[in-house]
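Peer 1: Attaching a single structure in structure tokens format; questions to follow.
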Amino acid sequence: MSGNVRVAAVQLTSGTDVARNVDAAVDLVLAAAGEGATYVQLPEYFNYLGPQSKYAAVAESIPGPTTQRISEVARSCAATIHLGSMLERSSVSGKCYNTSVVLDATGAIVATYRKSHLFDVDVPGVFVQRESDAIVAGDQLVVTEVAGLNVGLSVCFDLRFPELYRQLAVHGATVLAIPAAFNALTGQAHWDVLIKSRAIENEAFVVAAAQVGTTAEGVATYGHSMIVGPWGDVLAESMSGGNDVVLATLELDDVVRRRQQIDILRLRRPDVYDSLNDNDTAR
């Protein structure tokens, strides 16, 4: 694909009030569309960020009330809206999916992606969290063509698994979507470098809409929503501690140009990478 596309990453400070969160998201989506954005991305857990014990009660079917509300907004402003992630009902008792939903400019659901890598961490003396206690991991990667973009979908903790993004790039993604609610402590150390690394190593744009601030329950997120180019250049970044919109114009030919200069995807050696699976390999 070629041409220029105006995109936006919406930064939110979400909490446990779903209606209030959705209202805030709608206001910022409309602001982004008013600035010419035709692709608008919301962060992870955009409509609910709170205790895991309430996940199952908050979870919805897709389509459902929240997607219907945002679908009307997408039609009204003729913009693609990427619901970074929301809680989707599952057939597993007491658990749900952490699901990205992409709505095109007509309001139709054109792609869904269920978060593959779940945030199960134990940093002694700092924090312990097990997303898998409440979330079922997805098992399908997704690349979707929408708003003049080839978008590879991911969510937050997926960011730490470069092999996921390489597969998205190999299968046509030129924009990597990374909506997040990145932890404030690890975000300060790792967010910027990981976002830039995913862009550089795949010579792709990255749009990363993030949660920011601390909820009433003490969930602290890093913010710094970013849009990064295929050379690792930061096109836009939020320095706000609250709700915000960052915008950039993606020059899609830049992906083609960078991949021609350093043809990483063609020069890969999967046969070599798989050689460690050979039982005869010396150890």
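Naming scheme: A, B, ... for chains in displayed order of the structure tokens; residues 1 onward per chain; ligands 1 onward as shown.
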Can I get the residues of stretch 168-223 of chain A within 10 Å of stretch 262-269 of chain A, each with the closest pair of atoms and their distance in Å to one decimal, using only C-alpha atoms, sorted chain first then ascending number, as a Markdown table?
Peer 2:
```
| residue | atom | partner | partner_atom | distance |
| --- | --- | --- | --- | --- |
| A:Ala169 | CA | A:Leu265 | CA | 7.9 |
| A:Val170 | CA | A:Leu265 | CA | 6.6 |
| A:Glu201 | CA | A:Ile264 | CA | 7.8 |
| A:Asn202 | CA | A:Ile264 | CA | 7.5 |
| A:Glu203 | CA | A:Ile264 | CA | 8.2 |
```
Peer 1: Could you go through stretch 141-207 of chain A and tell me which residues DSSP, when run on the backbone, assigns to helix (DSSP H, G or I), listing them as a ChimeraX atom specification?
Peer 2: /A:156-160,162-170,184-202
Peer 1: Find the residues around A:Gly84 up to 8 Å (only C-alpha atoms counted), leave out those fewer than 2 positions away in its own chain, and share them as a list in words.
Peer 2: Gln41, Leu42, Pro43, Glu44, Tyr45, Phe46, His82, Met86, Thr99, Ser100, Val101, Val155, Ile178, Pro179, Ala180 and Ala209 of chain A
Peer 1: With C-alpha atoms retained, could you export that selection as a compact mmCIF listing (two decimals), in the first residue's frame?
Peer 2:
```
# COMPACT_ATOMS: atom_id res chain seq x y z
CA GLN A 41 -6.62 3.30 18.25
CA LEU A 42 -7.77 3.00 21.88
CA PRO A 43 -5.67 1.38 24.64
CA GLU A 44 -5.91 -2.03 26.28
CA TYR A 45 -8.82 -2.48 28.71
CA PHE A 46 -10.20 0.83 27.44
CA HIS A 82 -9.57 0.06 16.88
CA MET A 86 -12.03 -5.14 26.01
CA THR A 99 -9.91 -8.97 22.88
CA SER A 100 -9.02 -6.31 20.31
CA VAL A 101 -11.85 -5.29 17.99
CA VAL A 155 -1.98 -6.36 22.90
CA ILE A 178 0.21 -2.33 20.26
CA PRO A 179 -2.57 -1.03 22.52
CA ALA A 180 -1.42 -1.36 26.12
CA ALA A 209 -2.18 3.67 22.52
```
Peer 1: Using DSSP assignments from the backbone, pull out every residue in stretch 11-154 of chain A that falls under strand (DSSP E or B) and give it to me as a VMD selection string.
Peer 2: chain A and resid 11 to 12 39 to 41 60 80 to 89 96 to 103 109 to 114 120 to 123 127 to 130 135 143 to 146 149 to 153
Peer 1: Mind checking which residues fall within 6 Å of stretch 224-230 of chain A, counting only C-alpha atoms, ignoring those fewer than 6 positions away in the same chain, and posting them as a PDB file with N, CA and C atoms, in the first residue's frame?
Peer 2:
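Just written: out.pdb:
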```pdb
ATOM      1  N   ALA A 199       9.476  -1.762  15.820  1.00  0.00           N
ATOM      2  CA  ALA A 199       9.402  -1.004  14.567  1.00  0.00           C
ATOM      3  C   ALA A 199      10.639  -1.238  13.709  1.00  0.00           C
ATOM      4  N   ILE A 200      11.819  -1.123  14.303  1.00  0.00           N
ATOM      5  CA  ILE A 200      13.068  -1.217  13.551  1.00  0.00           C
ATOM      6  C   ILE A 200      13.270  -2.607  12.982  1.00  0.00           C
ATOM      7  N   GLU A 203      10.800  -3.092  10.242  1.00  0.00           N
ATOM      8  CA  GLU A 203      10.682  -1.975   9.307  1.00  0.00           C
ATOM      9  C   GLU A 203       9.215  -1.666   9.038  1.00  0.00           C
ATOM     10  N   ALA A 204       8.513  -1.418  10.159  1.00  0.00           N
ATOM     11  CA  ALA A 204       7.076  -1.165  10.117  1.00  0.00           C
ATOM     12  C   ALA A 204       6.742  -0.008  11.047  1.00  0.00           C
ATOM     13  N   PHE A 205       5.616   0.636  10.791  1.00  0.00           N
ATOM     14  CA  PHE A 205       5.094   1.624  11.728  1.00  0.00           C
ATOM     15  C   PHE A 205       4.546   0.919  12.966  1.00  0.00           C
ATOM     16  N   VAL A 206       4.615   1.587  14.109  1.00  0.00           N
ATOM     17  CA  VAL A 206       3.982   1.101  15.331  1.00  0.00           C
ATOM     18  C   VAL A 206       3.053   2.184  15.849  1.00  0.00           C
ATOM     19  N   VAL A 207       1.821   1.798  16.145  1.00  0.00           N
ATOM     20  CA  VAL A 207       0.876   2.676  16.827  1.00  0.00           C
ATOM     21  C   VAL A 207       0.562   2.021  18.166  1.00  0.00           C
ATOM     22  N   ALA A 208       0.864   2.748  19.258  1.00  0.00           N
ATOM     23  CA  ALA A 208       0.752   2.172  20.599  1.00  0.00           C
ATOM     24  C   ALA A 208      -0.018   3.119  21.505  1.00  0.00           C
ATOM     25  N   ALA A 209      -1.326   2.895  21.623  1.00  0.00           N
ATOM     26  CA  ALA A 209      -2.178   3.674  22.519  1.00  0.00           C
ATOM     27  C   ALA A 209      -2.122   3.038  23.903  1.00  0.00           C
ATOM     28  N   ALA A 210      -1.938   3.870  24.940  1.00  0.00           N
ATOM     29  CA  ALA A 210      -1.668   3.322  26.268  1.00  0.00           C
ATOM     30  C   ALA A 210      -2.575   3.916  27.341  1.00  0.00           C
ATOM     31  N   ALA A 236       5.241  10.732  17.096  1.00  0.00           N
ATOM     32  CA  ALA A 236       4.401  11.416  18.075  1.00  0.00           C
ATOM     33  C   ALA A 236       4.462  10.639  19.383  1.00  0.00           C
ATOM     34  N   GLU A 237       4.411  11.374  20.494  1.00  0.00           N
ATOM     35  CA  GLU A 237       4.437  10.728  21.814  1.00  0.00           C
ATOM     36  C   GLU A 237       3.709  11.618  22.806  1.00  0.00           C
ATOM     37  N   SER A 238       2.918  11.007  23.681  1.00  0.00           N
ATOM     38  CA  SER A 238       2.242  11.765  24.723  1.00  0.00           C
ATOM     39  C   SER A 238       3.139  11.874  25.959  1.00  0.00           C
ATOM     40  N   MET A 239       3.256  13.082  26.470  1.00  0.00           N
ATOM     41  CA  MET A 239       3.964  13.314  27.727  1.00  0.00           C
ATOM     42  C   MET A 239       2.964  13.682  28.823  1.00  0.00           C
TER      43      MET A 239
END
```
Peer 1: Given the choices A:Ser240, A:Leu28, A:Asn4, A:Pro162, which gets closest to A:Asp254 if the distance is worked out from only C-alpha atoms?
Peer 2: A:Asn4
Peer 1: Give me the residues within 12 Å of A:Glu145 as a list in words, counting only C-alpha atoms and dropping any in the same chain fewer than 3 places off.
Peer 2: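 Close residues of A:Glu145: Met1, Tyr39, Thr80, Val102, Leu103, Asp104, Val110, Ala111, Val142, Gly148, Leu149, Asn150, Val151, Gly152, Leu153, His171, Gly172, Ala173, Thr174, Val175 and Leu176 of chain A.
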Peer 1: Keeping only N, CA and C atoms, write the selected residues to a file as a PDB file, in the first residue's frame.
Peer 2:
```
ATOM      1  N   MET A   1       0.841  -1.187   0.000  1.00  0.00           N
ATOM      2  CA  MET A   1       0.000   0.000   0.000  1.00  0.00           C
ATOM      3  C   MET A   1       0.877   1.239   0.000  1.00  0.00           C
ATOM      4  N   TYR A  39      -7.774   6.479  11.138  1.00  0.00           N
ATOM      5  CA  TYR A  39      -7.566   5.271  11.951  1.00  0.00           C
ATOM      6  C   TYR A  39      -7.283   5.759  13.363  1.00  0.00           C
ATOM      7  N   THR A  80     -12.016   4.476  10.927  1.00  0.00           N
ATOM      8  CA  THR A  80     -11.771   3.164  11.509  1.00  0.00           C
ATOM      9  C   THR A  80     -11.413   3.350  12.976  1.00  0.00           C
ATOM     10  N   VAL A 102     -11.605  -4.359  15.758  1.00  0.00           N
ATOM     11  CA  VAL A 102     -11.408  -3.301  14.776  1.00  0.00           C
ATOM     12  C   VAL A 102     -12.714  -3.078  14.018  1.00  0.00           C
ATOM     13  N   LEU A 103     -13.185  -1.838  14.064  1.00  0.00           N
ATOM     14  CA  LEU A 103     -14.401  -1.436  13.361  1.00  0.00           C
ATOM     15  C   LEU A 103     -14.014  -0.535  12.193  1.00  0.00           C
ATOM     16  N   ASP A 104     -14.528  -0.827  11.005  1.00  0.00           N
ATOM     17  CA  ASP A 104     -14.192   0.035   9.863  1.00  0.00           C
ATOM     18  C   ASP A 104     -15.080   1.276   9.861  1.00  0.00           C
ATOM     19  N   VAL A 110     -14.425  -5.754  11.490  1.00  0.00           N
ATOM     20  CA  VAL A 110     -13.649  -6.362  10.414  1.00  0.00           C
ATOM     21  C   VAL A 110     -12.532  -7.268  10.946  1.00  0.00           C
ATOM     22  N   ALA A 111     -12.221  -7.185  12.243  1.00  0.00           N
ATOM     23  CA  ALA A 111     -11.187  -8.062  12.797  1.00  0.00           C
ATOM     24  C   ALA A 111     -11.319  -8.107  14.306  1.00  0.00           C
ATOM     25  N   VAL A 142      -3.466 -12.160  13.786  1.00  0.00           N
ATOM     26  CA  VAL A 142      -4.381 -11.493  12.860  1.00  0.00           C
ATOM     27  C   VAL A 142      -3.679 -10.326  12.178  1.00  0.00           C
ATOM     28  N   GLY A 148      -6.757   1.811   4.531  1.00  0.00           N
ATOM     29  CA  GLY A 148      -5.559   1.969   3.725  1.00  0.00           C
ATOM     30  C   GLY A 148      -4.306   1.426   4.367  1.00  0.00           C
ATOM     31  N   LEU A 149      -4.455   0.629   5.437  1.00  0.00           N
ATOM     32  CA  LEU A 149      -3.324   0.090   6.193  1.00  0.00           C
ATOM     33  C   LEU A 149      -3.409  -1.430   6.259  1.00  0.00           C
ATOM     34  N   ASN A 150      -2.246  -2.077   6.320  1.00  0.00           N
ATOM     35  CA  ASN A 150      -2.180  -3.499   6.668  1.00  0.00           C
ATOM     36  C   ASN A 150      -1.734  -3.580   8.122  1.00  0.00           C
ATOM     37  N   VAL A 151      -2.677  -3.863   9.016  1.00  0.00           N
ATOM     38  CA  VAL A 151      -2.435  -3.746  10.452  1.00  0.00           C
ATOM     39  C   VAL A 151      -2.285  -5.132  11.079  1.00  0.00           C
ATOM     40  N   GLY A 152      -1.156  -5.349  11.759  1.00  0.00           N
ATOM     41  CA  GLY A 152      -0.943  -6.559  12.544  1.00  0.00           C
ATOM     42  C   GLY A 152      -1.345  -6.283  13.979  1.00  0.00           C
ATOM     43  N   LEU A 153      -2.208  -7.141  14.535  1.00  0.00           N
ATOM     44  CA  LEU A 153      -2.789  -6.887  15.849  1.00  0.00           C
ATOM     45  C   LEU A 153      -2.002  -7.569  16.964  1.00  0.00           C
ATOM     46  N   HIS A 171       3.591 -11.818   7.128  1.00  0.00           N
ATOM     47  CA  HIS A 171       2.265 -12.006   6.531  1.00  0.00           C
ATOM     48  C   HIS A 171       1.607 -10.683   6.143  1.00  0.00           C
ATOM     49  N   GLY A 172       2.444  -9.668   5.899  1.00  0.00           N
ATOM     50  CA  GLY A 172       1.955  -8.476   5.234  1.00  0.00           C
ATOM     51  C   GLY A 172       1.741  -7.242   6.072  1.00  0.00           C
ATOM     52  N   ALA A 173       1.920  -7.326   7.384  1.00  0.00           N
ATOM     53  CA  ALA A 173       1.682  -6.149   8.217  1.00  0.00           C
ATOM     54  C   ALA A 173       2.728  -5.072   7.950  1.00  0.00           C
ATOM     55  N   THR A 174       2.268  -3.865   7.734  1.00  0.00           N
ATOM     56  CA  THR A 174       3.165  -2.708   7.617  1.00  0.00           C
ATOM     57  C   THR A 174       2.937  -1.730   8.769  1.00  0.00           C
ATOM     58  N   VAL A 175       1.879  -1.955   9.528  1.00  0.00           N
ATOM     59  CA  VAL A 175       1.611  -1.206  10.757  1.00  0.00           C
ATOM     60  C   VAL A 175       1.372  -2.226  11.866  1.00  0.00           C
ATOM     61  N   LEU A 176       2.084  -2.063  12.982  1.00  0.00           N
ATOM     62  CA  LEU A 176       1.939  -2.951  14.132  1.00  0.00           C
ATOM     63  C   LEU A 176       1.160  -2.211  15.211  1.00  0.00           C
TER      64      LEU A 176
END
```
Peer 1: Counting only C-alpha atoms, which of A:Leu83, A:Ala57, A:Ala220, A:Ala19 gets nearest to A:Ala177?
Peer 2: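 So, comparing all the options, the nearest one is A:Leu83.
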Peer 1: Quick one: of A:Val29, A:Val136, A:Val212, A:Ala74, who's nearest to A:Glu88, counting only C-alpha atoms?
Peer 2: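 When distances to A:Glu88 are compared using only C-alpha atoms, the smallest one comes from A:Val136.
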Peer 1: What is the atom CA of A:Cys156 to atom CA of A:Arg89 distance in Å?
Peer 2: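 Calculated distance between atom CA of A:Cys156 and atom CA of A:Arg89 is 19.5 Å.
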Peer 1: Calculate how many Å separate atom CA of A:Val22 from atom CA of A:Ser85, rounding to one decimal.
Peer 2: 12.2 Å
Peer 1: Kindly give the distance, in Å, that separates atom CA of A:Asn277 and atom CA of A:Leu159, rounded to a single decimal.
Peer 2: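 Value for the atom CA of A:Asn277-atom CA of A:Leu159 distance: 25.2 Å.
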Peer 1: May I ask which of the residues A:Leu247, A:Ile135, A:Cys96, A:Val18 is the closest one to A:Val40, counting only C-alpha atoms?
Peer 2: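 Smallest distance to A:Val40 is found for A:Leu247.
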Peer 1: For A:Thr38, find every residue with an atom within 8 Å (counting only C-alpha atoms), except residues of its own chain fewer than 2 positions away, and show them as a list in words.
Peer 2: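 Contacts, with the query itself left out: Val5, Arg6, Val7, Ala33, Gly36, Val40, Ala78, Ala79, Thr80 and Ala147 of chain A.
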Peer 1: Might you pull out every residue within 9 Å of A:Gly138, with only C-alpha atoms counted and same-chain residues fewer than 3 positions away left off, and present them as an MDAnalysis selection string?
Peer 2: chainID A and resid 97:99 113:117 141
Peer 1: Name the closest residue to A:Gly15 among the candidates A:Ala59, A:Val123, A:Ala216, A:Leu250; distances are taken between atoms, counting only C-alpha atoms.
Peer 2: A:Ala216
Peer 1: Determine the nearest neighbour of A:Ala9 from the options A:Ala31, A:Thr67, A:Gly107, A:Phe157, counting only C-alpha atoms.
Peer 2: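 Result for the nearest residue to A:Ala9: A:Ala31.
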